[in-house]
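my_file.cif (mmCIF, N, CA and C atoms and all ligand atoms) appears below.
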```cif
data_coords
#
loop_
_atom_site.label_atom_id
_atom_site.label_comp_id
_atom_site.auth_asym_id
_atom_site.auth_seq_id
_atom_site.Cartn_x
_atom_site.Cartn_y
_atom_site.Cartn_z
N MET A 277 -19.77 17.62 -2.12
CA MET A 277 -18.43 17.13 -1.85
C MET A 277 -17.94 16.21 -2.96
N GLN A 278 -18.77 15.21 -3.33
CA GLN A 278 -18.36 14.27 -4.38
C GLN A 278 -18.14 14.98 -5.72
N LYS A 279 -18.98 16.00 -6.02
CA LYS A 279 -18.80 16.75 -7.26
C LYS A 279 -17.49 17.53 -7.22
N GLU A 280 -17.18 18.10 -6.03
CA GLU A 280 -15.92 18.85 -5.88
C GLU A 280 -14.73 17.94 -6.15
N VAL A 281 -14.79 16.74 -5.59
CA VAL A 281 -13.67 15.79 -5.76
C VAL A 281 -13.54 15.40 -7.22
N SER A 282 -14.67 15.10 -7.88
CA SER A 282 -14.62 14.73 -9.29
C SER A 282 -14.06 15.87 -10.13
N LYS A 283 -14.45 17.12 -9.77
CA LYS A 283 -13.97 18.29 -10.49
C LYS A 283 -12.45 18.44 -10.31
N GLN A 284 -12.00 18.18 -9.05
CA GLN A 284 -10.57 18.28 -8.76
C GLN A 284 -9.78 17.30 -9.63
N PHE A 285 -10.30 16.10 -9.82
CA PHE A 285 -9.63 15.11 -10.65
C PHE A 285 -9.65 15.51 -12.12
N SER A 286 -10.81 15.97 -12.59
CA SER A 286 -10.92 16.29 -14.02
C SER A 286 -10.09 17.52 -14.40
N GLN A 287 -9.90 18.44 -13.44
CA GLN A 287 -9.12 19.64 -13.75
C GLN A 287 -7.62 19.47 -13.50
N SER A 288 -7.24 18.39 -12.85
CA SER A 288 -5.82 18.19 -12.56
C SER A 288 -5.11 17.70 -13.82
N LYS A 289 -3.82 17.79 -13.79
CA LYS A 289 -3.02 17.28 -14.90
C LYS A 289 -2.28 16.03 -14.44
N LEU A 290 -3.05 15.13 -13.83
CA LEU A 290 -2.45 13.92 -13.28
C LEU A 290 -1.97 12.99 -14.38
N LEU A 291 -0.84 12.37 -14.11
CA LEU A 291 -0.32 11.31 -14.97
C LEU A 291 -0.17 10.07 -14.12
N CYS A 292 -0.47 8.94 -14.68
CA CYS A 292 -0.28 7.69 -13.96
C CYS A 292 1.21 7.50 -13.67
N PRO A 293 1.57 7.19 -12.40
CA PRO A 293 2.98 7.00 -12.09
C PRO A 293 3.58 5.71 -12.67
N VAL A 294 2.73 4.83 -13.19
CA VAL A 294 3.23 3.58 -13.78
C VAL A 294 3.35 3.70 -15.30
N CYS A 295 2.27 4.13 -15.97
CA CYS A 295 2.27 4.10 -17.44
C CYS A 295 2.19 5.49 -18.07
N ALA A 296 2.12 6.54 -17.25
CA ALA A 296 2.09 7.94 -17.71
C ALA A 296 0.82 8.29 -18.50
N SER A 297 -0.20 7.46 -18.38
CA SER A 297 -1.47 7.78 -19.04
C SER A 297 -2.11 9.00 -18.39
N LYS A 298 -2.84 9.77 -19.20
CA LYS A 298 -3.59 10.91 -18.68
C LYS A 298 -5.05 10.53 -18.38
N LYS A 299 -5.39 9.28 -18.65
CA LYS A 299 -6.77 8.82 -18.43
C LYS A 299 -6.93 8.41 -16.96
N ILE A 300 -7.18 9.42 -16.12
CA ILE A 300 -7.25 9.22 -14.68
C ILE A 300 -8.67 9.51 -14.19
N THR A 301 -9.15 8.70 -13.29
CA THR A 301 -10.48 8.90 -12.72
C THR A 301 -10.44 8.80 -11.20
N LYS A 302 -11.45 9.37 -10.57
CA LYS A 302 -11.56 9.23 -9.12
C LYS A 302 -11.88 7.78 -8.82
N TYR A 303 -11.15 7.18 -7.89
CA TYR A 303 -11.40 5.80 -7.52
C TYR A 303 -12.18 5.74 -6.20
N TRP A 304 -11.80 6.60 -5.26
CA TRP A 304 -12.41 6.57 -3.93
C TRP A 304 -12.11 7.88 -3.22
N ALA A 305 -13.05 8.39 -2.43
CA ALA A 305 -12.82 9.60 -1.65
C ALA A 305 -13.66 9.53 -0.39
N MET A 306 -13.02 9.82 0.76
CA MET A 306 -13.74 9.83 2.03
C MET A 306 -12.89 10.50 3.09
N HIS A 307 -13.52 11.32 3.93
CA HIS A 307 -12.84 11.97 5.06
C HIS A 307 -11.55 12.67 4.65
N GLY A 308 -11.55 13.33 3.51
CA GLY A 308 -10.38 14.08 3.07
C GLY A 308 -9.35 13.24 2.32
N TYR A 309 -9.51 11.91 2.32
CA TYR A 309 -8.60 11.06 1.57
C TYR A 309 -9.17 10.85 0.17
N LYS A 310 -8.30 10.83 -0.82
CA LYS A 310 -8.74 10.61 -2.20
C LYS A 310 -7.78 9.66 -2.89
N LEU A 311 -8.34 8.76 -3.66
CA LEU A 311 -7.51 7.86 -4.46
C LEU A 311 -7.90 7.99 -5.92
N ALA A 312 -6.90 7.96 -6.78
CA ALA A 312 -7.11 8.03 -8.23
C ALA A 312 -6.87 6.64 -8.83
N ARG A 313 -7.46 6.41 -10.00
CA ARG A 313 -7.25 5.14 -10.69
C ARG A 313 -6.95 5.43 -12.16
N CYS A 314 -5.94 4.76 -12.66
CA CYS A 314 -5.58 4.89 -14.07
C CYS A 314 -6.49 3.97 -14.88
N LYS A 315 -7.15 4.55 -15.88
CA LYS A 315 -8.05 3.76 -16.72
C LYS A 315 -7.27 2.85 -17.68
N ASN A 316 -6.01 3.17 -17.86
CA ASN A 316 -5.18 2.39 -18.79
C ASN A 316 -4.62 1.11 -18.16
N CYS A 317 -3.99 1.26 -16.97
CA CYS A 317 -3.31 0.08 -16.39
C CYS A 317 -3.91 -0.38 -15.06
N GLY A 318 -4.83 0.41 -14.48
CA GLY A 318 -5.48 -0.01 -13.24
C GLY A 318 -4.77 0.43 -11.98
N MET A 319 -3.65 1.13 -12.09
CA MET A 319 -2.92 1.62 -10.92
C MET A 319 -3.84 2.50 -10.06
N VAL A 320 -3.80 2.27 -8.74
CA VAL A 320 -4.56 3.09 -7.79
C VAL A 320 -3.55 3.73 -6.85
N TRP A 321 -3.67 5.06 -6.66
CA TRP A 321 -2.74 5.76 -5.77
C TRP A 321 -3.36 7.05 -5.25
N ASP A 322 -2.66 7.63 -4.25
CA ASP A 322 -3.08 8.90 -3.66
C ASP A 322 -2.38 10.02 -4.43
N PRO A 323 -3.10 10.74 -5.27
CA PRO A 323 -2.46 11.77 -6.08
C PRO A 323 -2.26 13.09 -5.34
N PHE A 324 -2.89 13.24 -4.20
CA PHE A 324 -2.78 14.50 -3.45
C PHE A 324 -2.35 14.20 -2.01
N PRO A 325 -1.19 13.63 -1.81
CA PRO A 325 -0.77 13.28 -0.44
C PRO A 325 -0.47 14.53 0.37
N PRO A 326 -0.58 14.43 1.71
CA PRO A 326 -0.22 15.58 2.54
C PRO A 326 1.25 15.92 2.34
N GLU A 327 1.59 17.20 2.54
CA GLU A 327 2.98 17.63 2.32
C GLU A 327 3.95 16.86 3.20
N ASP A 328 3.56 16.64 4.47
CA ASP A 328 4.43 15.91 5.38
C ASP A 328 3.89 14.50 5.57
N LEU A 329 3.97 13.71 4.53
CA LEU A 329 3.40 12.36 4.54
C LEU A 329 3.99 11.48 5.64
N GLU A 330 5.26 11.66 5.92
CA GLU A 330 5.92 10.82 6.93
C GLU A 330 5.27 10.99 8.30
N SER A 331 4.75 12.19 8.58
CA SER A 331 4.15 12.43 9.89
C SER A 331 2.83 11.67 10.07
N VAL A 332 2.23 11.21 8.97
CA VAL A 332 0.98 10.43 9.05
C VAL A 332 1.25 9.02 9.55
N TYR A 333 2.38 8.43 9.12
CA TYR A 333 2.64 7.01 9.37
C TYR A 333 3.57 6.78 10.57
N THR A 334 3.23 7.40 11.68
CA THR A 334 3.97 7.18 12.92
C THR A 334 3.42 5.91 13.59
N GLU A 335 3.95 5.58 14.75
CA GLU A 335 3.43 4.44 15.52
C GLU A 335 1.94 4.62 15.78
N ASN A 336 1.52 5.86 15.93
CA ASN A 336 0.11 6.17 16.19
C ASN A 336 -0.82 5.73 15.06
N TYR A 337 -0.30 5.65 13.84
CA TYR A 337 -1.08 5.18 12.70
C TYR A 337 -1.39 3.69 12.83
N PHE A 338 -0.47 2.95 13.42
CA PHE A 338 -0.60 1.49 13.51
C PHE A 338 -1.27 1.02 14.79
N ILE A 339 -1.18 1.84 15.84
CA ILE A 339 -1.80 1.49 17.12
C ILE A 339 -2.47 2.76 17.64
N ASN A 340 -3.83 2.76 17.69
CA ASN A 340 -4.53 3.99 18.04
C ASN A 340 -5.90 3.66 18.62
N ASP A 341 -6.23 4.27 19.75
CA ASP A 341 -7.55 4.06 20.34
C ASP A 341 -8.67 4.70 19.52
N ASN A 342 -8.34 5.70 18.73
CA ASN A 342 -9.32 6.41 17.91
C ASN A 342 -8.81 6.55 16.48
N PRO A 343 -8.76 5.41 15.74
CA PRO A 343 -8.13 5.45 14.41
C PRO A 343 -8.93 6.29 13.40
N LYS A 344 -8.18 7.11 12.66
CA LYS A 344 -8.79 7.91 11.58
C LYS A 344 -7.97 7.66 10.32
N GLY A 345 -8.27 6.61 9.62
CA GLY A 345 -7.54 6.26 8.42
C GLY A 345 -6.44 5.25 8.67
N GLY A 346 -6.14 4.98 9.93
CA GLY A 346 -5.10 3.99 10.25
C GLY A 346 -5.72 2.75 10.84
N TYR A 347 -5.02 2.16 11.79
CA TYR A 347 -5.47 0.92 12.41
C TYR A 347 -5.75 1.15 13.89
N ALA A 348 -6.70 0.38 14.45
CA ALA A 348 -6.88 0.39 15.90
C ALA A 348 -5.66 -0.30 16.52
N ASN A 349 -5.36 -1.49 16.04
CA ASN A 349 -4.14 -2.18 16.47
C ASN A 349 -3.71 -3.11 15.35
N TYR A 350 -2.70 -2.67 14.62
CA TYR A 350 -2.20 -3.43 13.47
C TYR A 350 -1.83 -4.85 13.87
N PHE A 351 -1.24 -5.01 15.05
CA PHE A 351 -0.76 -6.32 15.50
C PHE A 351 -1.92 -7.29 15.68
N GLN A 352 -3.06 -6.80 16.16
CA GLN A 352 -4.22 -7.68 16.35
C GLN A 352 -4.80 -8.15 15.02
N GLY A 353 -4.61 -7.35 13.96
CA GLY A 353 -5.14 -7.71 12.64
C GLY A 353 -4.16 -8.47 11.77
N MET A 354 -3.01 -8.82 12.32
CA MET A 354 -1.98 -9.47 11.51
C MET A 354 -2.42 -10.79 10.90
N SER A 355 -3.19 -11.57 11.64
CA SER A 355 -3.59 -12.87 11.09
C SER A 355 -4.48 -12.68 9.87
N ILE A 356 -5.32 -11.64 9.88
CA ILE A 356 -6.17 -11.36 8.71
C ILE A 356 -5.30 -10.88 7.55
N ASN A 357 -4.36 -9.96 7.86
CA ASN A 357 -3.44 -9.48 6.82
C ASN A 357 -2.70 -10.64 6.17
N LYS A 358 -2.18 -11.52 7.01
CA LYS A 358 -1.38 -12.64 6.50
C LYS A 358 -2.22 -13.54 5.60
N ARG A 359 -3.45 -13.81 6.01
CA ARG A 359 -4.34 -14.66 5.19
C ARG A 359 -4.61 -14.00 3.84
N THR A 360 -4.86 -12.67 3.88
CA THR A 360 -5.12 -11.92 2.64
C THR A 360 -3.89 -11.98 1.72
N PHE A 361 -2.71 -11.70 2.28
CA PHE A 361 -1.49 -11.71 1.47
C PHE A 361 -1.20 -13.12 0.95
N TYR A 362 -1.42 -14.12 1.79
CA TYR A 362 -1.18 -15.50 1.38
C TYR A 362 -2.00 -15.84 0.13
N GLU A 363 -3.29 -15.47 0.15
CA GLU A 363 -4.16 -15.75 -1.00
C GLU A 363 -3.73 -14.96 -2.23
N ARG A 364 -3.34 -13.70 -2.05
CA ARG A 364 -2.91 -12.88 -3.19
C ARG A 364 -1.62 -13.43 -3.80
N ILE A 365 -0.69 -13.82 -2.95
CA ILE A 365 0.60 -14.30 -3.47
C ILE A 365 0.42 -15.67 -4.12
N LYS A 366 -0.50 -16.47 -3.62
CA LYS A 366 -0.81 -17.74 -4.29
C LYS A 366 -1.29 -17.49 -5.72
N ARG A 367 -2.11 -16.44 -5.90
CA ARG A 367 -2.58 -16.09 -7.26
C ARG A 367 -1.42 -15.63 -8.13
N ILE A 368 -0.50 -14.87 -7.54
CA ILE A 368 0.69 -14.43 -8.30
C ILE A 368 1.51 -15.66 -8.69
N ASN A 369 1.66 -16.61 -7.75
CA ASN A 369 2.44 -17.82 -8.03
C ASN A 369 1.90 -18.58 -9.24
N ASN A 370 0.60 -18.52 -9.46
CA ASN A 370 0.00 -19.20 -10.60
C ASN A 370 0.36 -18.54 -11.92
N ARG A 371 0.88 -17.30 -11.87
CA ARG A 371 1.18 -16.55 -13.10
C ARG A 371 2.67 -16.44 -13.40
N VAL A 372 3.52 -16.82 -12.46
CA VAL A 372 4.96 -16.66 -12.69
C VAL A 372 5.65 -18.02 -12.64
N LYS A 373 6.79 -18.11 -13.33
CA LYS A 373 7.55 -19.37 -13.34
C LYS A 373 8.61 -19.36 -12.26
N LYS A 374 9.21 -18.19 -12.03
CA LYS A 374 10.33 -18.09 -11.10
C LYS A 374 9.93 -17.22 -9.91
N LYS A 375 10.08 -17.75 -8.71
CA LYS A 375 9.72 -16.99 -7.50
C LYS A 375 10.97 -16.37 -6.90
N ASP A 376 11.60 -15.51 -7.67
CA ASP A 376 12.85 -14.89 -7.22
C ASP A 376 12.78 -13.39 -7.49
N GLY A 377 12.79 -12.61 -6.42
CA GLY A 377 12.81 -11.16 -6.56
C GLY A 377 11.43 -10.55 -6.45
N MET A 378 11.09 -10.08 -5.25
CA MET A 378 9.81 -9.39 -5.06
C MET A 378 10.08 -8.11 -4.26
N LEU A 379 9.52 -7.01 -4.73
CA LEU A 379 9.61 -5.74 -4.02
C LEU A 379 8.20 -5.32 -3.62
N ASP A 380 7.98 -5.17 -2.33
CA ASP A 380 6.69 -4.69 -1.83
C ASP A 380 6.83 -3.21 -1.50
N VAL A 381 6.17 -2.37 -2.28
CA VAL A 381 6.22 -0.92 -2.06
C VAL A 381 5.10 -0.56 -1.10
N GLY A 382 5.48 -0.01 0.05
CA GLY A 382 4.51 0.25 1.11
C GLY A 382 4.31 -1.03 1.91
N SER A 383 5.42 -1.62 2.34
CA SER A 383 5.39 -2.96 2.92
C SER A 383 4.93 -3.00 4.37
N ALA A 384 4.71 -1.84 4.97
CA ALA A 384 4.28 -1.77 6.38
C ALA A 384 5.19 -2.63 7.25
N LEU A 385 4.62 -3.50 8.06
CA LEU A 385 5.44 -4.30 8.97
C LEU A 385 5.94 -5.60 8.33
N GLY A 386 5.62 -5.80 7.07
CA GLY A 386 6.21 -6.90 6.31
C GLY A 386 5.40 -8.17 6.22
N ASP A 387 4.12 -8.11 6.52
CA ASP A 387 3.30 -9.33 6.46
C ASP A 387 3.31 -9.97 5.08
N SER A 388 3.27 -9.16 4.02
CA SER A 388 3.25 -9.73 2.67
C SER A 388 4.57 -10.43 2.37
N LEU A 389 5.67 -9.86 2.84
CA LEU A 389 6.99 -10.47 2.59
C LEU A 389 7.11 -11.81 3.32
N ILE A 390 6.58 -11.87 4.53
CA ILE A 390 6.61 -13.12 5.30
C ILE A 390 5.80 -14.20 4.58
N GLU A 391 4.64 -13.82 4.07
CA GLU A 391 3.81 -14.80 3.35
C GLU A 391 4.46 -15.21 2.03
N ALA A 392 5.11 -14.26 1.36
CA ALA A 392 5.81 -14.59 0.11
C ALA A 392 6.92 -15.61 0.37
N LYS A 393 7.65 -15.40 1.46
CA LYS A 393 8.72 -16.34 1.83
C LYS A 393 8.13 -17.72 2.09
N ARG A 394 7.01 -17.73 2.82
CA ARG A 394 6.34 -19.00 3.13
C ARG A 394 5.91 -19.73 1.86
N LEU A 395 5.60 -18.94 0.80
CA LEU A 395 5.15 -19.55 -0.45
C LEU A 395 6.29 -19.74 -1.45
N GLY A 396 7.53 -19.72 -0.94
CA GLY A 396 8.65 -20.11 -1.77
C GLY A 396 9.43 -19.00 -2.45
N TRP A 397 9.09 -17.75 -2.17
CA TRP A 397 9.80 -16.64 -2.82
C TRP A 397 11.14 -16.41 -2.15
N LYS A 398 12.10 -16.00 -2.97
CA LYS A 398 13.44 -15.64 -2.49
C LYS A 398 13.73 -14.21 -2.91
N ASN A 399 14.77 -13.62 -2.28
CA ASN A 399 15.21 -12.29 -2.65
C ASN A 399 14.08 -11.26 -2.46
N LEU A 400 13.60 -11.18 -1.23
CA LEU A 400 12.46 -10.33 -0.90
C LEU A 400 12.92 -8.99 -0.32
N HIS A 401 12.27 -7.93 -0.76
CA HIS A 401 12.60 -6.58 -0.29
C HIS A 401 11.31 -5.79 -0.07
N GLY A 402 11.35 -4.89 0.89
CA GLY A 402 10.24 -3.98 1.13
C GLY A 402 10.75 -2.54 1.14
N VAL A 403 9.86 -1.64 0.76
CA VAL A 403 10.13 -0.20 0.85
C VAL A 403 8.99 0.39 1.65
N GLU A 404 9.35 1.16 2.68
CA GLU A 404 8.32 1.68 3.58
C GLU A 404 8.71 3.08 4.07
N LEU A 405 7.75 3.98 4.09
CA LEU A 405 7.98 5.35 4.53
C LEU A 405 8.05 5.46 6.05
N SER A 406 7.26 4.67 6.74
CA SER A 406 7.15 4.77 8.19
C SER A 406 8.38 4.19 8.89
N GLY A 407 9.07 5.04 9.64
CA GLY A 407 10.22 4.57 10.41
C GLY A 407 9.81 3.51 11.42
N PHE A 408 8.65 3.69 12.04
CA PHE A 408 8.15 2.71 13.01
C PHE A 408 7.98 1.34 12.32
N ALA A 409 7.32 1.33 11.16
CA ALA A 409 7.06 0.07 10.45
C ALA A 409 8.37 -0.58 10.00
N VAL A 410 9.32 0.22 9.54
CA VAL A 410 10.61 -0.33 9.12
C VAL A 410 11.29 -1.02 10.30
N ARG A 411 11.32 -0.34 11.45
CA ARG A 411 11.97 -0.93 12.63
C ARG A 411 11.30 -2.25 13.02
N GLU A 412 9.97 -2.29 12.97
CA GLU A 412 9.26 -3.53 13.32
C GLU A 412 9.55 -4.63 12.28
N ALA A 413 9.60 -4.27 11.01
CA ALA A 413 9.90 -5.26 9.96
C ALA A 413 11.31 -5.81 10.11
N VAL A 414 12.25 -4.94 10.42
CA VAL A 414 13.64 -5.38 10.60
C VAL A 414 13.73 -6.33 11.80
N LYS A 415 12.99 -6.03 12.87
CA LYS A 415 12.95 -6.93 14.04
C LYS A 415 12.48 -8.33 13.63
N ARG A 416 11.64 -8.39 12.58
CA ARG A 416 11.12 -9.66 12.11
C ARG A 416 12.08 -10.34 11.11
N GLY A 417 13.27 -9.74 10.93
CA GLY A 417 14.26 -10.33 10.05
C GLY A 417 14.06 -10.01 8.58
N LEU A 418 13.30 -8.99 8.27
CA LEU A 418 13.01 -8.67 6.88
C LEU A 418 13.93 -7.58 6.35
N ASN A 419 14.11 -7.59 5.04
CA ASN A 419 14.94 -6.60 4.37
C ASN A 419 14.04 -5.47 3.88
N VAL A 420 13.82 -4.50 4.76
CA VAL A 420 12.94 -3.36 4.42
C VAL A 420 13.72 -2.08 4.58
ZN ZN A 501 -1.41 3.63 -15.70
#
```
Translate the structure of the given file into structure tokens.
Amino acid sequence: MQKEVSKQFSQSKLLCPVCASKKITKYWAMHGYKLARCKNCGMVWDPFPPEDLESVYTENYFINDNPKGGYANYFQGMSINKRTFYERIKRINNRVKKKDGMLDVGSALGDSLIEAKRLGWKNLHGVELSGFAVREAVKRGLNV
């Protein structure tokens, strides 16, 4: 299986969506999911998403008694998510002078945006494929 996945990556004509580098390697693969990593800029992404990606990220992805790649209950893990995002955004704060304008791509229910606001960021936006997650983020007053 691992050799098949490595072969799939080496034979593909993948380009990094950030820097267009062709230096792509397998980053992670499990249970049919595969992630690629750009050796040039470090971008990690799913290069072979399912055709109907939107159908994966329904409410069932966020709340599920038998999670397969999603969450058992996203809401129960929010405090951990928030702590993780808080620490990451604090590190970003150490590298930037102006905390104005942040776009979270794949913002889910908006935990990172809430933590960014708490750490002084303004002009926050999220982009999310899941209609369920967008509705929940909007309920929280976020611009997603
Ligand atoms: Zn790249």
Residue with smallest distance to ligand ZN 501 (chain A) - pool A:Gly318, A:Gly407, A:Gly308, A:Gly396, counting only N, CA and C atoms and all ligand atoms: A:Gly318
task: Would you please extract all strand (DSSP E or B) residues from region 278-410 of chain A, as assigned by DSSP on the backbone, and give them as an MDAnalysis selection string?
output: chainID A and resid 300:306 309:314 320:321 339 349 376:381 398:403
- prompt: Quick one: of A:Ala384, A:Leu395, A:Met319, A:Leu400, who's nearest to Phe338 (chain A), counting only C-alpha atoms?
  reply: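 Among the listed residues, A:Ala384 lies closest to Phe338 (chain A).
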Close residues to ligand ZN 501 (chain A) using all atoms listed in the file, limit 7 Å, as a ChimeraX atom specification: /A:291-297,313-319
message: To one decimal place in Å, what is the distance between atom N of Ile365 (chain A) and atom C of Leu311 (chain A)?
response: 23.2 Å
Met378 (chain A) environment, 7 Å, only N, CA and C atoms, sequence neighbours closer than 3 positions dropped, as a list in words: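 Non-adjacent residues within range: Lys375, Lys398, Asn399, Leu400, His401 and Gly402 of chain A.
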Suppose we keep N, CA and C atoms; can you now write the selection as a short mmCIF file (atom, residue, chain, number, x, y, z; two decimals), in the frame of the given file?
```cif
data_model
loop_
_atom_site.label_atom_id
_atom_site.label_comp_id
_atom_site.auth_asym_id
_atom_site.auth_seq_id
_atom_site.Cartn_x
_atom_site.Cartn_y
_atom_site.Cartn_z
N LYS A 375 10.08 -17.75 -8.71
CA LYS A 375 9.72 -16.99 -7.50
C LYS A 375 10.97 -16.37 -6.90
N LYS A 398 12.10 -16.00 -2.97
CA LYS A 398 13.44 -15.64 -2.49
C LYS A 398 13.73 -14.21 -2.91
N ASN A 399 14.77 -13.62 -2.28
CA ASN A 399 15.21 -12.29 -2.65
C ASN A 399 14.08 -11.26 -2.46
N LEU A 400 13.60 -11.18 -1.23
CA LEU A 400 12.46 -10.33 -0.90
C LEU A 400 12.92 -8.99 -0.32
N HIS A 401 12.27 -7.93 -0.76
CA HIS A 401 12.60 -6.58 -0.29
C HIS A 401 11.31 -5.79 -0.07
N GLY A 402 11.35 -4.89 0.89
CA GLY A 402 10.24 -3.98 1.13
C GLY A 402 10.75 -2.54 1.14
#
```
Please determine an axis-aligned box that encloses all atoms of region 378-382 of chain A listed in the file, with 5 Å added on each side, and express its centre and edge lengths in Å to one decimal as AutoDock Vina command-line options.
```
--center_x 7.7 --center_y -4.9 --center_z -1.7 --size_x 16.8 --size_y 20.3 --size_z 17.2
```
Test item, alpha helix (DSSP H) assignment across region 290-343 of chain A, answer as a PyMOL selection string: chain A and resi 335-338
- prompt: Expressed in Å to a single decimal, how great is the separation between CA of Glu412 (chain A) and CA of Trp397 (chain A)?
  reply: 20.8 Å
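Distance-wise, atom N of Glu363 (chain A) and atom C of Leu389 (chain A) end up 11.5 Å apart.
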- prompt: What lies within 12 Å of Gly353 (chain A) using only C-alpha atoms, ignoring chain neighbours under 6 positions off, as a PyMOL selection string?
  reply: chain A and resi 338-339+346-347+359-360+385+387
message: Given only C-alpha atoms as the basis, pick out the residue of A:Phe408, A:Tyr337, A:Tyr309, A:Tyr350 nearest to Pro325 (chain A).
response: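 When distances to Pro325 (chain A) are compared using only C-alpha atoms, the smallest one comes from A:Tyr309.
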Which residue of A:Asp341, A:Glu327, A:Glu335, A:Asp376 approaches Val410 (chain A) most closely, using only C-alpha atoms: A:Glu335
Test item: write region 397-409 of chain A with N, CA and C atoms as a compact mmCIF listing (two decimals), in the first residue's frame:
```
# COMPACT_ATOMS: atom_id res chain seq x y z
N TRP A 397 -6.20 40.73 16.63
CA TRP A 397 -6.32 40.84 15.18
C TRP A 397 -7.64 41.50 14.80
N LYS A 398 -7.58 42.26 13.71
CA LYS A 398 -8.77 42.90 13.15
C LYS A 398 -8.93 42.44 11.71
N ASN A 399 -10.13 42.67 11.15
CA ASN A 399 -10.38 42.37 9.75
C ASN A 399 -10.17 40.87 9.47
N LEU A 400 -10.93 40.06 10.19
CA LEU A 400 -10.79 38.60 10.12
C LEU A 400 -11.82 37.99 9.17
N HIS A 401 -11.37 37.04 8.37
CA HIS A 401 -12.25 36.36 7.42
C HIS A 401 -11.92 34.87 7.39
N GLY A 402 -12.94 34.07 7.13
CA GLY A 402 -12.75 32.64 6.96
C GLY A 402 -13.37 32.19 5.64
N VAL A 403 -12.81 31.14 5.09
CA VAL A 403 -13.36 30.49 3.90
C VAL A 403 -13.54 29.03 4.27
N GLU A 404 -14.75 28.52 4.02
CA GLU A 404 -15.05 27.16 4.44
C GLU A 404 -15.98 26.49 3.43
N LEU A 405 -15.70 25.25 3.10
CA LEU A 405 -16.50 24.49 2.15
C LEU A 405 -17.80 23.98 2.77
N SER A 406 -17.75 23.61 4.03
CA SER A 406 -18.90 22.99 4.70
C SER A 406 -19.98 24.02 5.01
N GLY A 407 -21.16 23.80 4.44
CA GLY A 407 -22.29 24.69 4.73
C GLY A 407 -22.64 24.65 6.21
N PHE A 408 -22.57 23.48 6.82
CA PHE A 408 -22.85 23.34 8.26
C PHE A 408 -21.88 24.22 9.06
N ALA A 409 -20.58 24.11 8.76
CA ALA A 409 -19.57 24.87 9.51
C ALA A 409 -19.75 26.38 9.30
```
